[in-house]
Amino acid sequence: MSMSLDESCSIEVAVRVRPMNAREEEQGVLPIINASEERKEVTIVRGGGNRQTRQTYTFDHVFTGYTTQSEVFDPMQPMIDSVMQGYEATVFAYGQTGTGKTHTMEGDVMDPNEKGVIPRSVEAIFDRLGHKDKYSEFSVSASYLEIYNEELTDLLVELPVTLKKAPVKPVPAGDKTPREHGLNVMEDKGTSTKPGRGMFVQGLSEHTVGWSAVETRCRALAWP
Ligand SMILES: Nc1ncnc2c1ncn2[C@@H]1O[C@H](COP(=O)(O)OP(=O)(O)OP(=O)(O)O)[C@@H](O)[C@H]1O
Ligand SMILES: [Mg+2]
């Protein structure tokens, strides 16, 4: 996860170890990972007795099965400040299926303790915007994209049923017809006089979620 715009390093990597689930508990599975939030270390213990091996890895942040959603988000707060200063920031969750990516990023959106990184980030952004002076003008927009099996899907577009079954086809330039598949990743390198917008997803919908004058409405719209 990229968490802060520190002068020395702009990328930070965190690991979160989830607690055993009910099935693992039932089967009496033994944990092979020892995580220390304090030492920022994860130790993998393999085998037993004389043949036991231990490998220790160090991260910028280590979250254990006891770490709360709020504690996971805390180190990301400086990143929100960087965004408000105009920098771009990315929080990226990676891991095999069932390891807790969705739990960490989304969590239970309706539960103040269990909500994850995305609702907390949106709230933090609107909170900071709410403290700007009344002459500031800003707009916030959101896109929601799924990449699955190397296919890109716009999750904020209501799809006609027929399109859900449409075969994968390349999208002609400028075509904004909603479709399940076929969004393309493009790069705008710009010209010698005008900087480009860099990497972007062609045809991905952007939804404006609020204005400074109606902060309460923003909050309501920010998390559909
Ligand atoms: N830190 C945690 N504390 C409690 N429960 C957790 C934690 N992390 C994950 N879980 C639970 O474990 C299950 C799997 O987690 P989750 O769905 O977030 O995995 P995922 O990485 O998104 O998997 P997939 O790649 O299949 O989407 C869920 O029931 C989730 O609530
Ligand atoms: Mg998931």
# chains A, B, ... in the order shown; residues from 1 in each chain; ligands from 1
call {"tool": "residues_near_ligand", "arguments": {"ligand": "ligand 2", "cutoff": "7 Å", "atoms": "only C-alpha atoms and all ligand atoms", "output": "number ranges by chain"}}
result
A: 97-98, 100-102
call {"tool": "residues_around", "arguments": {"residues": "Thr208 of chain A", "least_positions_apart": "3", "cutoff": "7 Å", "atoms": "only C-alpha atoms", "output": "PyMOL selection string"}}
result
chain A and resi 140-142
call {"tool": "closest_atom_pairs", "arguments": {"of": "chain A", "to": "ligand 1", "cutoff": "10 Å", "atoms": "only C-alpha atoms and all ligand atoms", "output": "tab-separated table"}}
result
residue	atom	partner	partner_atom_place_in_ligand_line	distance
A:Arg16	CA	ligand 1	1 (N)	7.2
A:Val17	CA	ligand 1	1 (N)	6.7
A:Arg18	CA	ligand 1	1 (N)	4.2
A:Pro19	CA	ligand 1	3 (N)	5.7
A:Met20	CA	ligand 1	5 (N)	8.1
A:Asn21	CA	ligand 1	12 (O)	6.5
A:Ala22	CA	ligand 1	12 (O)	9.5
A:Phe63	CA	ligand 1	1 (N)	8.5
A:Thr64	CA	ligand 1	1 (N)	7.5
A:Gly65	CA	ligand 1	1 (N)	5.4
A:Tyr66	CA	ligand 1	1 (N)	7.4
A:Thr67	CA	ligand 1	1 (N)	7.1
A:Thr68	CA	ligand 1	1 (N)	7.5
A:Gln69	CA	ligand 1	1 (N)	7.8
A:Val72	CA	ligand 1	1 (N)	9.6
A:Ala93	CA	ligand 1	21 (O)	8.4
A:Tyr94	CA	ligand 1	21 (O)	7.7
A:Gly95	CA	ligand 1	21 (O)	6.1
A:Gln96	CA	ligand 1	25 (O)	5.7
A:Thr97	CA	ligand 1	25 (O)	3.4
A:Gly98	CA	ligand 1	19 (O)	3.5
A:Thr99	CA	ligand 1	21 (O)	4.1
A:Gly100	CA	ligand 1	18 (O)	3.2
A:Lys101	CA	ligand 1	21 (O)	3.7
A:Thr102	CA	ligand 1	18 (O)	3.6
A:His103	CA	ligand 1	18 (O)	3.6
A:Thr104	CA	ligand 1	18 (O)	6.4
A:Met105	CA	ligand 1	18 (O)	8.0
A:Glu106	CA	ligand 1	18 (O)	8.2
A:Gly107	CA	ligand 1	31 (O)	7.4
A:Asp108	CA	ligand 1	31 (O)	8.7
A:Glu114	CA	ligand 1	3 (N)	9.2
call {"tool": "residues_around", "arguments": {"residues": "Leu129 of chain A", "least_positions_apart": "2", "cutoff": "9 Å", "atoms": "only C-alpha atoms", "output": "NGL selection string"}}
result
:A and (84 or 124-127 or 131-133 or 136 or 138 or 212 or 215)
call {"tool": "closest_residue", "arguments": {"among": "A:Lys115, A:Glu151, A:Val201, A:Phe92", "to": "Asp188 of chain A", "atoms": "only C-alpha atoms"}}
result
A:Val201
call {"tool": "select_by_dssp", "arguments": {"residues": "segment 32-193 of chain A", "states": "strand (DSSP E or B)", "output": "JSON, numbers by chain"}}
result
{"A": [33, 34, 35, 36, 41, 42, 43, 44, 45, 46, 53, 54, 55, 56, 57, 58, 61, 62, 63, 107, 115, 139, 140, 141, 142, 145, 146, 147, 148, 151, 152, 153, 154, 184, 185, 186, 187, 188, 189, 190]}
call {"tool": "write_last_selection", "arguments": {"atoms": "C-alpha atoms", "output": "CSV table (one decimal), in the first residue's frame"}}
result
chain,number,residue,atom,x,y,z
A,33,ILE,CA,2.4,-17.1,10.7
A,34,ASN,CA,3.6,-15.1,13.6
A,35,ALA,CA,3.0,-11.4,13.2
A,36,SER,CA,4.3,-8.6,15.3
A,41,GLU,CA,7.7,-8.4,11.3
A,42,VAL,CA,6.0,-11.5,10.0
A,43,THR,CA,7.6,-14.9,10.7
A,44,ILE,CA,6.7,-18.0,8.8
A,45,VAL,CA,7.3,-21.1,10.9
A,46,ARG,CA,7.5,-24.4,8.9
A,53,THR,CA,12.6,-23.4,9.8
A,54,ARG,CA,11.7,-19.7,10.4
A,55,GLN,CA,11.7,-17.0,7.8
A,56,THR,CA,11.2,-13.4,9.0
A,57,TYR,CA,10.1,-10.6,6.7
A,58,THR,CA,9.9,-6.9,7.6
A,61,HIS,CA,3.3,-1.8,8.7
A,62,VAL,CA,2.2,-5.2,10.1
A,63,PHE,CA,-1.5,-5.7,11.0
A,107,GLY,CA,-15.5,-3.8,5.0
A,115,LYS,CA,-16.1,0.1,7.5
A,139,SER,CA,-15.5,19.0,-7.3
A,140,VAL,CA,-15.1,15.3,-6.4
A,141,SER,CA,-15.9,12.5,-8.9
A,142,ALA,CA,-15.7,8.8,-8.5
A,145,LEU,CA,-13.8,-0.4,-12.0
A,146,GLU,CA,-13.4,-4.1,-11.7
A,147,ILE,CA,-10.5,-6.0,-13.4
A,148,TYR,CA,-11.3,-9.7,-13.4
A,151,GLU,CA,-11.4,-7.9,-18.4
A,152,LEU,CA,-12.3,-4.4,-17.3
A,153,THR,CA,-15.9,-3.7,-16.1
A,154,ASP,CA,-17.4,-0.4,-15.2
A,184,ASN,CA,-9.5,-0.4,-22.8
A,185,VAL,CA,-6.5,0.9,-20.9
A,186,MET,CA,-5.0,3.8,-22.9
A,187,GLU,CA,-2.1,6.1,-22.4
A,188,ASP,CA,-2.2,9.8,-23.2
A,189,LYS,CA,1.4,11.0,-23.5
A,190,GLY,CA,0.4,14.5,-24.3
call {"tool": "select_by_dssp", "arguments": {"residues": "segment 35-145 of chain A", "states": "helix (DSSP H, G or I)", "output": "mmCIF file with N, CA and C atoms, in the first residue's frame"}}
result
data_model
loop_
_atom_site.group_PDB
_atom_site.id
_atom_site.type_symbol
_atom_site.label_atom_id
_atom_site.label_comp_id
_atom_site.auth_asym_id
_atom_site.auth_seq_id
_atom_site.Cartn_x
_atom_site.Cartn_y
_atom_site.Cartn_z
ATOM 1 N N GLY A 49 10.148 -29.367 15.676
ATOM 2 C CA GLY A 49 11.349 -29.980 16.268
ATOM 3 C C GLY A 49 12.624 -29.456 15.637
ATOM 4 N N ASN A 50 13.562 -30.392 15.373
ATOM 5 C CA ASN A 50 14.857 -30.016 14.812
ATOM 6 C C ASN A 50 14.763 -29.479 13.392
ATOM 7 N N ARG A 51 13.676 -29.876 12.719
ATOM 8 C CA ARG A 51 13.553 -29.515 11.297
ATOM 9 C C ARG A 51 12.798 -28.199 11.103
ATOM 10 N N GLN A 69 -10.180 -2.059 11.893
ATOM 11 C CA GLN A 69 -10.261 -1.343 10.617
ATOM 12 C C GLN A 69 -9.729 0.083 10.770
ATOM 13 N N SER A 70 -10.027 0.693 11.890
ATOM 14 C CA SER A 70 -9.583 2.067 12.123
ATOM 15 C C SER A 70 -8.054 2.127 12.242
ATOM 16 N N GLU A 71 -7.472 1.119 12.899
ATOM 17 C CA GLU A 71 -6.004 1.089 13.034
ATOM 18 C C GLU A 71 -5.309 0.839 11.698
ATOM 19 N N VAL A 72 -5.986 0.108 10.809
ATOM 20 C CA VAL A 72 -5.410 -0.122 9.474
ATOM 21 C C VAL A 72 -5.415 1.198 8.694
ATOM 22 N N PHE A 73 -6.481 1.986 8.872
ATOM 23 C CA PHE A 73 -6.605 3.226 8.109
ATOM 24 C C PHE A 73 -5.686 4.340 8.644
ATOM 25 N N ASP A 74 -5.405 4.328 9.925
ATOM 26 C CA ASP A 74 -4.621 5.403 10.556
ATOM 27 C C ASP A 74 -3.365 5.828 9.803
ATOM 28 N N PRO A 75 -2.483 4.861 9.436
ATOM 29 C CA PRO A 75 -1.266 5.276 8.739
ATOM 30 C C PRO A 75 -1.518 5.857 7.347
ATOM 31 N N MET A 76 -2.751 5.761 6.861
ATOM 32 C CA MET A 76 -3.054 6.307 5.527
ATOM 33 C C MET A 76 -3.474 7.773 5.598
ATOM 34 N N GLN A 77 -3.719 8.271 6.808
ATOM 35 C CA GLN A 77 -4.198 9.659 6.946
ATOM 36 C C GLN A 77 -3.288 10.669 6.238
ATOM 37 N N PRO A 78 -1.932 10.537 6.369
ATOM 38 C CA PRO A 78 -1.073 11.506 5.679
ATOM 39 C C PRO A 78 -1.265 11.493 4.163
ATOM 40 N N MET A 79 -1.677 10.329 3.643
ATOM 41 C CA MET A 79 -1.891 10.220 2.209
ATOM 42 C C MET A 79 -3.088 11.078 1.779
ATOM 43 N N ILE A 80 -4.097 11.149 2.629
ATOM 44 C CA ILE A 80 -5.271 11.978 2.332
ATOM 45 C C ILE A 80 -4.821 13.444 2.270
ATOM 46 N N ASP A 81 -3.927 13.836 3.191
ATOM 47 C CA ASP A 81 -3.414 15.209 3.168
ATOM 48 C C ASP A 81 -2.673 15.479 1.866
ATOM 49 N N SER A 82 -1.887 14.496 1.397
ATOM 50 C CA SER A 82 -1.162 14.658 0.128
ATOM 51 C C SER A 82 -2.143 14.851 -1.020
ATOM 52 N N VAL A 83 -3.223 14.075 -1.011
ATOM 53 C CA VAL A 83 -4.234 14.186 -2.070
ATOM 54 C C VAL A 83 -4.828 15.592 -2.065
ATOM 55 N N MET A 84 -5.090 16.118 -0.860
ATOM 56 C CA MET A 84 -5.680 17.453 -0.757
ATOM 57 C C MET A 84 -4.709 18.532 -1.255
ATOM 58 N N LYS A 101 -8.959 -8.934 1.283
ATOM 59 C CA LYS A 101 -8.838 -7.694 0.490
ATOM 60 C C LYS A 101 -10.127 -6.873 0.567
ATOM 61 N N THR A 102 -11.262 -7.550 0.300
ATOM 62 C CA THR A 102 -12.544 -6.835 0.321
ATOM 63 C C THR A 102 -12.855 -6.366 1.744
ATOM 64 N N HIS A 103 -12.569 -7.203 2.713
ATOM 65 C CA HIS A 103 -12.797 -6.827 4.109
ATOM 66 C C HIS A 103 -11.997 -5.558 4.435
ATOM 67 N N THR A 104 -10.755 -5.496 3.980
ATOM 68 C CA THR A 104 -9.906 -4.342 4.280
ATOM 69 C C THR A 104 -10.342 -3.103 3.501
ATOM 70 N N MET A 105 -10.617 -3.272 2.221
ATOM 71 C CA MET A 105 -10.899 -2.097 1.385
ATOM 72 C C MET A 105 -12.330 -1.595 1.551
ATOM 73 N N VAL A 117 -11.231 0.791 4.156
ATOM 74 C CA VAL A 117 -10.392 1.893 3.683
ATOM 75 C C VAL A 117 -11.145 2.832 2.725
ATOM 76 N N ILE A 118 -11.965 2.284 1.826
ATOM 77 C CA ILE A 118 -12.626 3.154 0.835
ATOM 78 C C ILE A 118 -13.618 4.109 1.508
ATOM 79 N N PRO A 119 -14.602 3.614 2.295
ATOM 80 C CA PRO A 119 -15.499 4.577 2.946
ATOM 81 C C PRO A 119 -14.772 5.531 3.883
ATOM 82 N N ARG A 120 -13.729 5.053 4.565
ATOM 83 C CA ARG A 120 -12.978 5.938 5.468
ATOM 84 C C ARG A 120 -12.249 7.023 4.680
ATOM 85 N N SER A 121 -11.713 6.674 3.489
ATOM 86 C CA SER A 121 -11.008 7.668 2.678
ATOM 87 C C SER A 121 -11.981 8.723 2.165
ATOM 88 N N VAL A 122 -13.142 8.256 1.681
ATOM 89 C CA VAL A 122 -14.143 9.191 1.157
ATOM 90 C C VAL A 122 -14.569 10.156 2.269
ATOM 91 N N GLU A 123 -14.819 9.605 3.442
ATOM 92 C CA GLU A 123 -15.215 10.453 4.579
ATOM 93 C C GLU A 123 -14.122 11.459 4.929
ATOM 94 N N ALA A 124 -12.871 10.978 4.930
ATOM 95 C CA ALA A 124 -11.755 11.853 5.294
ATOM 96 C C ALA A 124 -11.619 12.994 4.285
ATOM 97 N N ILE A 125 -11.827 12.677 3.008
ATOM 98 C CA ILE A 125 -11.727 13.721 1.969
ATOM 99 C C ILE A 125 -12.823 14.761 2.175
ATOM 100 N N PHE A 126 -14.070 14.303 2.384
ATOM 101 C CA PHE A 126 -15.167 15.257 2.563
ATOM 102 C C PHE A 126 -15.030 16.019 3.877
ATOM 103 N N ASP A 127 -14.455 15.375 4.868
ATOM 104 C CA ASP A 127 -14.222 16.050 6.136
ATOM 105 C C ASP A 127 -13.263 17.227 5.931
ATOM 106 N N ARG A 128 -12.173 16.966 5.192
ATOM 107 C CA ARG A 128 -11.201 18.042 4.943
ATOM 108 C C ARG A 128 -11.803 19.123 4.056
ATOM 109 N N LEU A 129 -12.597 18.728 3.053
ATOM 110 C CA LEU A 129 -13.235 19.713 2.177
ATOM 111 C C LEU A 129 -14.209 20.576 2.968
ATOM 112 N N GLY A 130 -14.851 19.969 3.966
ATOM 113 C CA GLY A 130 -15.809 20.694 4.804
ATOM 114 C C GLY A 130 -15.151 21.786 5.626
#
call {"tool": "atom_distance", "arguments": {"atom1": "atom CA of Lys40 of chain A", "atom2": "atom CA of Ala14 of chain A"}}
result
8.9 Å
